[in-house]
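Structure data follow from entry14.cif (mmCIF, C-alpha atoms):
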data_model
#
loop_
_atom_site.label_atom_id
_atom_site.label_comp_id
_atom_site.auth_asym_id
_atom_site.auth_seq_id
_atom_site.Cartn_x
_atom_site.Cartn_y
_atom_site.Cartn_z
CA MET A 620 47.62 -39.67 -32.17
CA SER A 621 50.18 -40.83 -34.73
CA ILE A 622 51.51 -44.36 -34.95
CA ILE A 623 54.84 -45.27 -36.48
CA LEU A 624 55.89 -48.85 -37.11
CA LEU A 625 59.61 -49.32 -37.63
CA VAL A 626 61.33 -52.48 -38.75
CA GLY A 627 65.06 -52.77 -38.22
CA PHE A 628 67.60 -54.86 -40.05
CA ASN A 629 70.57 -56.68 -38.67
CA LEU A 630 73.19 -54.28 -39.82
CA PHE A 631 75.61 -53.42 -37.16
CA ILE A 632 78.92 -51.76 -36.64
CA SER A 633 80.60 -51.45 -33.32
CA SER A 634 83.80 -52.08 -31.51
CA SER A 635 82.34 -52.31 -28.07
CA VAL A 636 80.25 -55.39 -28.30
CA PRO A 637 81.03 -58.79 -26.84
CA GLN A 638 81.82 -60.67 -29.99
CA GLY A 639 84.60 -58.38 -31.14
CA THR A 640 85.79 -58.67 -34.70
CA ALA A 641 83.10 -58.86 -37.37
CA ALA A 642 80.61 -59.05 -34.59
CA ILE A 643 76.95 -59.13 -35.17
CA ASP A 644 75.24 -59.27 -31.85
CA THR A 645 72.57 -56.71 -32.43
CA PRO A 646 69.15 -58.11 -32.52
CA SER A 647 67.02 -55.85 -34.58
CA GLY A 648 63.32 -56.16 -34.55
CA PHE A 649 60.38 -53.89 -34.57
CA SER A 650 59.51 -50.73 -32.82
CA LEU A 651 56.09 -49.25 -32.38
CA LEU A 652 55.94 -45.57 -31.65
CA ALA A 653 52.87 -43.71 -30.61
CA GLY A 654 52.66 -39.97 -30.32
CA GLY A 655 50.83 -39.00 -27.18
CA LYS A 656 50.18 -36.02 -24.98
CA HIS A 657 52.69 -33.17 -25.09
CA LYS A 658 53.97 -34.69 -28.38
CA ILE A 659 55.90 -37.27 -26.41
CA ASN A 660 56.53 -40.50 -28.31
CA TYR A 661 56.10 -43.82 -26.53
CA ASP A 662 58.23 -46.50 -28.14
CA PHE A 663 57.77 -50.23 -27.49
CA ILE A 664 60.68 -52.21 -28.84
CA ALA A 665 61.02 -55.95 -29.19
CA THR A 666 63.97 -57.67 -30.75
CA TYR A 667 65.09 -61.24 -31.08
CA TYR A 668 68.27 -62.54 -32.57
CA ARG A 669 69.63 -66.03 -32.99
CA ARG A 670 73.24 -66.83 -33.76
CA ASP A 671 74.98 -70.17 -34.17
CA ASN A 672 75.33 -70.84 -30.48
CA TYR A 673 73.29 -68.27 -28.58
CA GLU A 674 70.15 -66.21 -28.80
CA VAL A 675 69.25 -62.78 -27.54
CA ASP A 676 65.85 -61.41 -26.68
CA ILE A 677 65.38 -57.73 -25.85
CA HIS A 678 62.22 -55.81 -25.16
CA GLY A 679 61.49 -52.57 -23.43
CA ILE A 680 59.97 -49.14 -23.45
CA LEU A 681 61.44 -45.81 -24.45
CA LEU A 682 60.20 -42.25 -24.30
CA GLY A 683 61.24 -39.53 -26.68
CA LYS A 684 60.32 -36.43 -28.55
CA GLU A 685 60.42 -36.32 -32.32
CA LEU A 686 61.80 -33.25 -34.08
CA LEU A 687 60.62 -32.78 -37.65
CA PHE A 688 62.50 -30.65 -40.16
CA GLY A 689 60.43 -29.52 -43.13
CA GLN A 690 58.32 -32.68 -43.02
CA LYS A 691 61.26 -34.47 -44.64
CA PHE A 692 63.71 -35.27 -41.90
CA SER A 693 63.06 -36.59 -38.45
CA ILE A 694 65.32 -36.84 -35.44
CA LEU A 695 63.97 -38.76 -32.50
CA PRO A 696 66.06 -39.00 -29.32
CA GLU A 697 64.69 -41.52 -26.86
CA THR A 698 65.65 -42.97 -23.54
CA GLY A 699 64.25 -45.84 -21.52
CA ILE A 700 64.87 -49.27 -20.20
CA VAL A 701 65.07 -52.71 -21.79
CA LYS A 702 65.08 -56.22 -20.45
CA ALA A 703 67.61 -58.41 -22.20
CA LYS A 704 68.02 -62.16 -22.02
CA ARG A 705 70.85 -64.24 -23.44
CA THR A 706 70.44 -67.98 -23.78
CA ARG A 707 72.77 -70.75 -24.84
CA GLU A 708 71.79 -74.41 -24.64
CA ASN A 709 71.18 -75.02 -20.96
CA ALA A 710 71.82 -71.60 -19.45
CA SER A 711 70.43 -68.11 -19.62
CA GLU A 712 71.15 -64.77 -18.04
CA SER A 713 68.92 -61.73 -18.01
CA GLY A 714 68.89 -58.22 -16.65
CA TYR A 715 67.76 -54.66 -17.18
CA SER A 716 69.70 -52.01 -19.06
CA PRO A 717 69.10 -48.29 -19.45
CA LEU A 718 69.26 -47.36 -23.09
CA PHE A 719 69.57 -44.20 -25.15
CA VAL A 720 68.51 -44.28 -28.79
CA ILE A 721 68.65 -41.61 -31.42
CA ARG A 722 66.81 -42.25 -34.67
CA PHE A 723 67.39 -40.39 -37.92
CA ALA A 724 64.82 -40.80 -40.67
CA TYR A 725 64.04 -39.48 -44.12
CA LEU A 726 60.31 -39.23 -44.84
CA PHE A 727 59.11 -39.86 -48.37
CA SER A 728 56.36 -37.73 -49.80
CA ALA A 729 53.04 -39.46 -49.37
CA GLU A 730 49.85 -38.67 -47.63
CA ASN A 731 49.10 -41.74 -45.59
CA PRO A 732 50.88 -43.96 -44.77
CA THR A 733 54.20 -42.18 -45.08
CA PHE A 734 57.15 -44.37 -45.86
CA GLN A 735 60.38 -43.63 -44.04
CA ILE A 736 63.92 -44.88 -44.12
CA GLY A 737 66.67 -44.25 -41.64
CA PHE A 738 68.99 -45.53 -39.02
CA SER A 739 69.29 -45.51 -35.27
CA LEU A 740 72.20 -45.40 -32.91
CA ARG A 741 71.77 -47.20 -29.61
CA GLU A 742 73.86 -46.70 -26.55
CA VAL A 743 73.59 -49.15 -23.69
CA PHE A 744 74.70 -47.23 -20.62
CA ASN A 745 77.72 -48.94 -19.20
CA GLU A 746 81.21 -47.76 -18.40
CA LYS A 747 81.96 -46.44 -21.88
CA ILE A 748 79.93 -43.99 -23.91
CA GLY A 749 79.85 -44.89 -27.59
CA THR A 750 77.61 -46.46 -30.18
CA ASP A 751 76.83 -49.97 -29.11
CA PHE A 752 74.30 -50.77 -31.80
CA LEU A 753 73.65 -49.32 -35.22
CA ASP A 754 70.48 -50.39 -36.99
CA PHE A 755 69.17 -49.50 -40.41
CA GLY A 756 65.48 -49.73 -40.92
CA ILE A 757 62.33 -48.77 -42.70
CA GLY A 758 58.98 -47.74 -41.35
CA PHE A 759 55.54 -46.43 -41.97
CA ARG A 760 53.68 -43.72 -40.16
CA MET A 761 49.94 -43.45 -40.05
CA MET B 174 55.89 -29.91 -20.52
CA LYS B 175 57.09 -29.93 -16.90
CA LYS B 176 56.14 -33.60 -16.65
CA SER B 177 58.12 -34.57 -19.73
CA VAL B 178 61.17 -32.66 -18.49
CA LEU B 179 60.89 -34.50 -15.18
CA ILE B 180 60.59 -37.88 -16.94
CA PHE B 181 63.68 -37.15 -19.06
CA LEU B 182 65.57 -36.02 -15.99
CA ILE B 183 64.75 -39.20 -14.09
CA LEU B 184 65.62 -41.38 -17.09
CA GLY B 185 68.79 -39.41 -17.69
CA LEU B 186 69.90 -39.92 -14.11
CA ALA B 187 69.01 -43.62 -14.28
CA SER B 188 70.96 -43.92 -17.52
CA GLY B 189 74.05 -42.47 -15.92
CA CYS B 190 74.14 -45.13 -13.23
CA LYS B 191 76.68 -47.90 -13.56
CA ASN B 192 74.67 -50.94 -14.54
CA PRO B 193 76.38 -54.30 -14.04
CA PHE B 194 74.20 -56.11 -16.57
CA SER B 195 74.86 -53.44 -19.21
CA ILE B 196 78.58 -53.90 -18.65
CA ARG B 197 78.33 -57.67 -18.99
CA MET B 198 76.16 -57.30 -22.07
CA THR B 199 78.48 -55.03 -24.01
CA ALA B 200 81.97 -55.83 -22.73
CA ASP B 201 84.51 -57.97 -24.51
CA TYR B 202 85.77 -60.71 -22.18
CA PHE B 203 88.54 -61.82 -24.51
CA PRO B 204 89.89 -58.76 -26.35
CA LEU B 205 92.20 -59.89 -29.11
CA LYS B 206 93.87 -57.00 -30.82
CA THR B 207 97.45 -56.68 -31.92
CA GLY B 208 99.41 -54.92 -29.21
CA ASN B 209 97.21 -55.99 -26.31
CA ARG B 210 99.39 -57.17 -23.47
CA TRP B 211 99.00 -58.54 -19.99
CA LEU B 212 101.54 -59.10 -17.24
CA PHE B 213 100.96 -61.82 -14.65
CA ASN B 214 102.63 -62.82 -11.40
CA VAL B 215 102.97 -66.57 -11.52
CA LYS B 216 103.15 -68.39 -8.23
CA ALA B 217 104.41 -71.93 -8.63
CA SER B 218 107.35 -73.90 -7.26
CA LYS B 219 109.31 -70.86 -8.43
CA ASN B 220 107.72 -67.39 -8.64
CA TYR B 221 108.17 -65.35 -11.81
CA GLN B 222 106.43 -62.84 -14.09
CA LEU B 223 104.81 -63.90 -17.33
CA LYS B 224 104.02 -61.64 -20.29
CA MET B 225 101.15 -62.37 -22.61
CA GLU B 226 100.85 -60.35 -25.80
CA VAL B 227 98.87 -60.39 -29.03
CA THR B 228 101.72 -60.02 -31.50
CA GLY B 229 99.88 -60.17 -34.83
CA ILE B 230 97.46 -61.91 -37.14
CA GLU B 231 98.29 -64.81 -39.42
CA THR B 232 96.20 -66.28 -42.21
CA LYS B 233 96.08 -70.06 -42.46
CA GLN B 234 93.89 -71.78 -45.04
CA GLY B 235 91.73 -68.68 -45.29
CA ASP B 236 91.26 -68.34 -41.53
CA SER B 237 92.60 -65.36 -39.57
CA LEU B 238 94.43 -66.42 -36.47
CA PHE B 239 95.60 -64.18 -33.67
CA ILE B 240 99.15 -64.91 -32.62
CA VAL B 241 99.46 -64.76 -28.86
CA ASP B 242 102.85 -64.97 -27.18
CA ILE B 243 102.31 -66.49 -23.73
CA GLY B 244 105.61 -66.30 -21.90
CA GLY B 245 107.54 -67.25 -25.04
CA GLU B 246 105.11 -69.95 -26.14
CA ILE B 247 103.29 -69.02 -29.35
CA CYS B 248 99.59 -69.86 -29.38
CA HIS B 249 97.04 -69.25 -32.11
CA PHE B 250 93.48 -68.19 -31.40
CA GLN B 251 90.67 -68.04 -33.91
CA ARG B 252 87.81 -65.69 -33.26
CA GLU B 253 84.41 -66.28 -34.81
CA SER B 254 80.99 -65.02 -33.90
CA GLY B 255 80.16 -66.40 -30.48
CA ILE B 256 83.29 -68.49 -30.08
CA VAL B 257 87.03 -68.30 -29.51
CA LYS B 258 88.99 -71.36 -30.63
CA LYS B 259 92.53 -72.27 -29.72
CA ALA B 260 94.74 -74.12 -32.14
CA ARG B 261 96.24 -77.28 -30.71
CA GLU B 262 98.76 -79.48 -32.49
CA LEU B 263 97.81 -83.06 -31.76
CA TYR B 264 100.44 -85.71 -31.49
CA THR B 265 101.35 -88.72 -29.47
CA THR B 266 104.48 -90.78 -28.96
CA TYR B 267 104.31 -94.33 -30.21
CA GLU B 268 107.28 -96.68 -29.87
CA GLY B 269 109.61 -93.71 -29.51
CA GLU B 270 108.25 -91.91 -32.57
CA ILE B 271 106.05 -88.85 -32.74
CA VAL B 272 102.77 -89.50 -34.52
CA LYS B 273 100.97 -86.35 -35.69
CA PHE B 274 97.21 -85.99 -35.99
CA GLY B 275 97.08 -82.44 -37.37
CA THR B 276 95.73 -79.21 -35.91
CA LEU B 277 92.55 -79.03 -33.89
CA TYR B 278 90.76 -75.74 -33.31
CA GLU B 279 89.37 -76.60 -29.93
CA PRO B 280 86.60 -74.50 -28.34
CA TYR B 281 88.20 -72.25 -25.76
CA LEU B 282 85.46 -69.75 -24.91
CA PHE B 283 81.86 -69.37 -25.93
CA LEU B 284 80.90 -65.71 -26.06
CA PRO B 285 79.00 -64.06 -24.54
CA LEU B 286 79.73 -65.83 -21.28
CA ILE B 287 76.54 -66.91 -19.54
CA GLU B 288 76.26 -67.75 -15.87
CA GLY B 289 75.43 -71.36 -15.10
CA GLU B 290 76.55 -72.56 -18.49
CA ASN B 291 78.29 -75.87 -19.01
CA TRP B 292 79.25 -77.82 -22.09
CA GLU B 293 81.50 -80.66 -23.17
CA ARG B 294 83.05 -81.79 -26.43
CA GLU B 295 84.71 -85.07 -27.32
CA PHE B 296 87.18 -85.64 -30.16
CA ASN B 297 88.56 -88.88 -31.51
CA PHE B 298 91.44 -89.05 -33.99
CA SER B 299 93.34 -91.78 -35.72
CA SER B 300 96.50 -91.93 -37.77
CA VAL B 301 98.22 -94.79 -39.56
CA ASN B 302 101.84 -95.33 -38.61
CA LYS B 303 103.79 -98.27 -40.01
CA GLU B 304 100.54 -99.97 -40.99
CA GLU B 305 99.21 -99.62 -37.48
CA THR B 306 96.29 -97.42 -36.56
CA ILE B 307 97.11 -95.10 -33.68
CA GLU B 308 94.21 -93.45 -31.89
CA LYS B 309 93.95 -90.30 -29.84
CA PHE B 310 91.20 -89.10 -27.55
CA LEU B 311 90.47 -85.58 -26.36
CA PHE B 312 87.68 -84.43 -24.07
CA ILE B 313 87.03 -80.83 -23.08
CA SER B 314 84.42 -79.79 -20.57
CA LEU B 315 83.53 -76.47 -19.12
CA ASP B 316 81.31 -75.92 -16.14
CA SER B 317 80.61 -73.80 -13.08
CA ILE B 318 80.52 -70.48 -14.91
CA LYS B 319 79.64 -67.92 -12.28
CA LYS B 320 79.67 -64.18 -11.82
CA THR B 321 81.96 -62.87 -9.17
CA SER B 322 84.24 -60.03 -8.14
CA ILE B 323 87.86 -60.44 -7.22
CA VAL B 324 90.68 -58.38 -5.71
CA LEU B 325 94.11 -58.80 -7.30
CA ASN B 326 97.08 -56.67 -6.30
CA SER B 327 94.76 -54.23 -4.47
CA GLU B 328 92.64 -53.81 -7.61
CA ASN B 329 88.98 -54.74 -7.40
CA TYR B 330 87.59 -56.39 -10.53
CA GLU B 331 83.81 -56.57 -10.84
CA ASN B 332 81.49 -58.37 -13.27
CA VAL B 333 84.05 -61.13 -13.54
CA TYR B 334 83.16 -64.59 -14.87
CA GLN B 335 84.87 -67.57 -13.32
CA ARG B 336 84.96 -70.93 -15.01
CA LYS B 337 86.32 -74.42 -14.58
CA ARG B 338 87.79 -76.14 -17.61
CA THR B 339 88.73 -79.81 -17.74
CA VAL B 340 90.80 -81.31 -20.52
CA ILE B 341 91.34 -85.05 -20.78
CA GLU B 342 93.94 -85.98 -23.37
CA ASP B 343 94.38 -89.74 -23.68
CA ASN B 344 94.99 -90.71 -20.06
CA ASP B 345 96.02 -87.31 -18.70
CA SER B 346 93.58 -84.84 -17.29
CA THR B 347 94.07 -81.15 -16.43
CA VAL B 348 91.70 -78.92 -14.50
CA GLU B 349 92.04 -75.15 -14.77
CA TYR B 350 90.09 -72.36 -13.14
CA GLU B 351 90.08 -69.06 -15.03
CA TRP B 352 88.68 -65.62 -14.30
CA PHE B 353 87.78 -63.15 -17.08
CA ALA B 354 87.11 -59.44 -16.54
CA PRO B 355 85.14 -57.12 -18.85
CA ASP B 356 87.27 -55.46 -21.54
CA ILE B 357 90.43 -56.92 -19.99
CA GLY B 358 90.25 -60.67 -20.55
CA LEU B 359 92.07 -63.24 -18.46
CA ILE B 360 92.96 -61.89 -15.03
CA LYS B 361 93.57 -65.02 -13.00
CA LYS B 362 94.27 -68.67 -13.58
CA GLU B 363 94.69 -71.59 -11.20
CA ILE B 364 95.98 -75.04 -12.04
CA PRO B 365 95.47 -77.06 -8.83
CA SER B 366 97.38 -80.15 -10.02
CA ASP B 367 100.71 -78.31 -9.98
CA SER B 368 99.73 -75.56 -7.50
CA THR B 369 100.22 -72.82 -10.11
CA THR B 370 98.43 -69.47 -9.92
CA TRP B 371 98.55 -66.58 -12.39
CA GLU B 372 97.46 -63.16 -11.17
CA LEU B 373 97.19 -60.05 -13.32
CA VAL B 374 99.62 -57.26 -12.43
CA SER B 375 99.05 -54.85 -15.31
CA PHE B 376 97.56 -54.74 -18.78
CA GLU B 377 97.40 -52.57 -21.89
CA ILE B 378 94.34 -52.90 -24.12
CA ASN B 379 94.12 -51.10 -27.45
CA GLU B 380 90.77 -49.48 -28.15
#
Just give me the structure of the file as structure tokens.
Amino acid sequence: MSIILLVGFNLFISSSVPQGTAAIDTPSGFSLLAGGKHKINYDFIATYYRRDNYEVDIHGILLGKELLFGQKFSILPETGIVKAKRTRENASESGYSPLFVIRFAYLFSAENPTFQIGFSLREVFNEKIGTDFLDFGIGFRM
Amino acid sequence: MKKSVLIFLILGLASGCKNPFSIRMTADYFPLKTGNRWLFNVKASKNYQLKMEVTGIETKQGDSLFIVDIGGEICHFQRESGIVKKARELYTTYEGEIVKFGTLYEPYLFLPLIEGENWEREFNFSSVNKEETIEKFLFISLDSIKKTSIVLNSENYENVYQRKRTVIEDNDSTVEYEWFAPDIGLIKKEIPSDSTTWELVSFEINE
């Protein structure tokens, strides 16, 4: 079984997110992938983000299958469900969202652990199909 | 292999479903972009149609302000992360003269909208006029944010947030109820004190 720990940064570009112009509403966090039976990857994601007047907490589980190209490039499409909670002062609202994520990574040459760098595109399934979140991140695989 | 295909199929089908929370999470409830326009039917003592349009962006003291023409009245909105502010020129009349207090960027909307939220802000200003100190008081409160759906002109709007906004300026108070729809913005407004209602007829939102 392989384990990949990914850490995302709060870099984000989108036009379809609540805050509109110059919006940064994408909580990045960490993602722990484990390769299991049938080479299916199980991905546990947890993210937390705090802005001036609200905070967002997202966690969930995704399933995907990683495609490796020459042990250098990795493409990992995943789909699953996340629970998101938004809080401001005295109120909060939470719910479940289906999510599709595609991760692109470049793997550096090393035996163990292997360092990787890449980005992921996240699509929250709603009325419009597009890129809702774009995260850049680094990771290690063991 | 069959199992994984089945899992992906189920997740794929689930993903395709319209999810109200996903819509609320990603939608813009106050889209400000040049060219966006809304047309309202206004029911008051006299019925008429009112056009609202984002006509451009202006820079004032380093801040970008959206110019919104609301039925001929020019308003300025400032959009920052998590908040929309509306510019308000503050003045009062004292012994027949207008006393100015400057421009206030009052909180208009906190984004994202959250059900059950309420907040209030109080502002006090003073200005010296003919050696006399003139004071001004402004209080803004927002409460009763709730999720709802609404039918306007045979169109059903879902995932709508309704809110009540109270503004007390010196001794006058105004209560407004407003409804905001995802990726559309304001769709309805009620001002009970003068029995005025705005209802959206059509809109054009630039992507």
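Using only C-alpha atoms, the nearest neighbour of chain B within the list A:Phe759, A:Phe727, A:Tyr673, A:Phe738 is A:Tyr673.
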| request: Can you work out which one of B:Lys233, B:Glu293, B:Lys224, B:Glu308 has the shortest atom-to-atom distance to B:Glu372, counting all atoms listed in the file? | output: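 Smallest separation from B:Glu372 among the options: B:Lys224.
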| request: Let me know the residues the PyMOL selection byres ((chain B and resi 290) around 7) catches in the file above, as a list of chain:residue names. | output: A:Asn709, A:Ala710, B:Ile287, B:Glu288, B:Gly289, B:Asn291, B:Trp292, B:Asp316, B:Ser317, B:Ile318
| note | Using all atoms listed in the file, the shortest atom-to-atom distance to B:Asn379 among B:Leu311, B:Ala200, B:Ile357, B:Lys259 belongs to B:Ile357
| the PyMOL selection byres ((chain B and resi 225-232) around 9) resolved against shown file, as number ranges by chain | B: 205-213, 223-224, 233-245, 249
Could those residues be written to a file, using C-alpha atoms, as an mmCIF file, in the frame of the given file?
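For reference, again35.cif as written:
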data_model
loop_
_atom_site.group_PDB
_atom_site.id
_atom_site.type_symbol
_atom_site.label_atom_id
_atom_site.label_comp_id
_atom_site.auth_asym_id
_atom_site.auth_seq_id
_atom_site.Cartn_x
_atom_site.Cartn_y
_atom_site.Cartn_z
ATOM 1 C CA LEU B 205 92.200 -59.890 -29.110
ATOM 2 C CA LYS B 206 93.870 -57.000 -30.820
ATOM 3 C CA THR B 207 97.450 -56.680 -31.920
ATOM 4 C CA GLY B 208 99.410 -54.920 -29.210
ATOM 5 C CA ASN B 209 97.210 -55.990 -26.310
ATOM 6 C CA ARG B 210 99.390 -57.170 -23.470
ATOM 7 C CA TRP B 211 99.000 -58.540 -19.990
ATOM 8 C CA LEU B 212 101.540 -59.100 -17.240
ATOM 9 C CA PHE B 213 100.960 -61.820 -14.650
ATOM 10 C CA LEU B 223 104.810 -63.900 -17.330
ATOM 11 C CA LYS B 224 104.020 -61.640 -20.290
ATOM 12 C CA LYS B 233 96.080 -70.060 -42.460
ATOM 13 C CA GLN B 234 93.890 -71.780 -45.040
ATOM 14 C CA GLY B 235 91.730 -68.680 -45.290
ATOM 15 C CA ASP B 236 91.260 -68.340 -41.530
ATOM 16 C CA SER B 237 92.600 -65.360 -39.570
ATOM 17 C CA LEU B 238 94.430 -66.420 -36.470
ATOM 18 C CA PHE B 239 95.600 -64.180 -33.670
ATOM 19 C CA ILE B 240 99.150 -64.910 -32.620
ATOM 20 C CA VAL B 241 99.460 -64.760 -28.860
ATOM 21 C CA ASP B 242 102.850 -64.970 -27.180
ATOM 22 C CA ILE B 243 102.310 -66.490 -23.730
ATOM 23 C CA GLY B 244 105.610 -66.300 -21.900
ATOM 24 C CA GLY B 245 107.540 -67.250 -25.040
ATOM 25 C CA HIS B 249 97.040 -69.250 -32.110
#
| Residue IDs satisfying the PyMOL selection byres ((chain B and resi 193) around 9), as a ChimeraX atom specification | /A:714,716,745 /B:191-192,194-198,331-332
| Using only C-alpha atoms, which of the listed residues (A:Glu730, A:Glu685, A:Asp671, A:Asp754) sits closest to chain B? | A:Asp671
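Computed from the coordinates, the atom CA of B:Phe298 to atom CA of B:Asp345 distance equals 16.1 Å.
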| request: For each of B:Thr369, B:Gln251, B:Thr199, B:Ser300, take the minimum atom-to-atom distance to chain A, counting only C-alpha atoms, then give the residue where this is smallest. | output: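 Selected residue with least distance to chain A: B:Thr199.
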| Could you work out how far atom CA of A:Leu681 lies from atom CA of A:Val701, giving the answer in Å with one decimal? | 8.2 Å
| Counting all atoms listed in the file, what is within 7 Å of A:Ser739, bar same-chain residues fewer than 4 positions away, as a PyMOL selection string? | chain A and resi 720-723+753-755
For C-alpha atoms, I'd like the residues from the last selection saved as a compact mmCIF listing (two decimals), keeping the file's coordinate frame.
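Once written, out14.txt looks like this:
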# COMPACT_ATOMS: atom_id res chain seq x y z
CA VAL A 720 68.51 -44.28 -28.79
CA ILE A 721 68.65 -41.61 -31.42
CA ARG A 722 66.81 -42.25 -34.67
CA PHE A 723 67.39 -40.39 -37.92
CA LEU A 753 73.65 -49.32 -35.22
CA ASP A 754 70.48 -50.39 -36.99
CA PHE A 755 69.17 -49.50 -40.41
| Residues within 7 Å of (65.4, -50.5, -22.4), counting only C-alpha atoms, listed as a list in words | His678, Gly679, Ile680, Leu681, Gly699, Ile700, Val701, Lys702, Ser716, Pro717 and Leu718 of chain A
| So which one's closest to chain A, B:Ser254, B:Asn220, B:Ser346, B:Asn214? Using all atoms listed in the file, please. | B:Ser254
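Atom pair atom CA of B:Phe203 / atom CA of B:Trp371 has a distance of 16.4 Å (rounded to one decimal).
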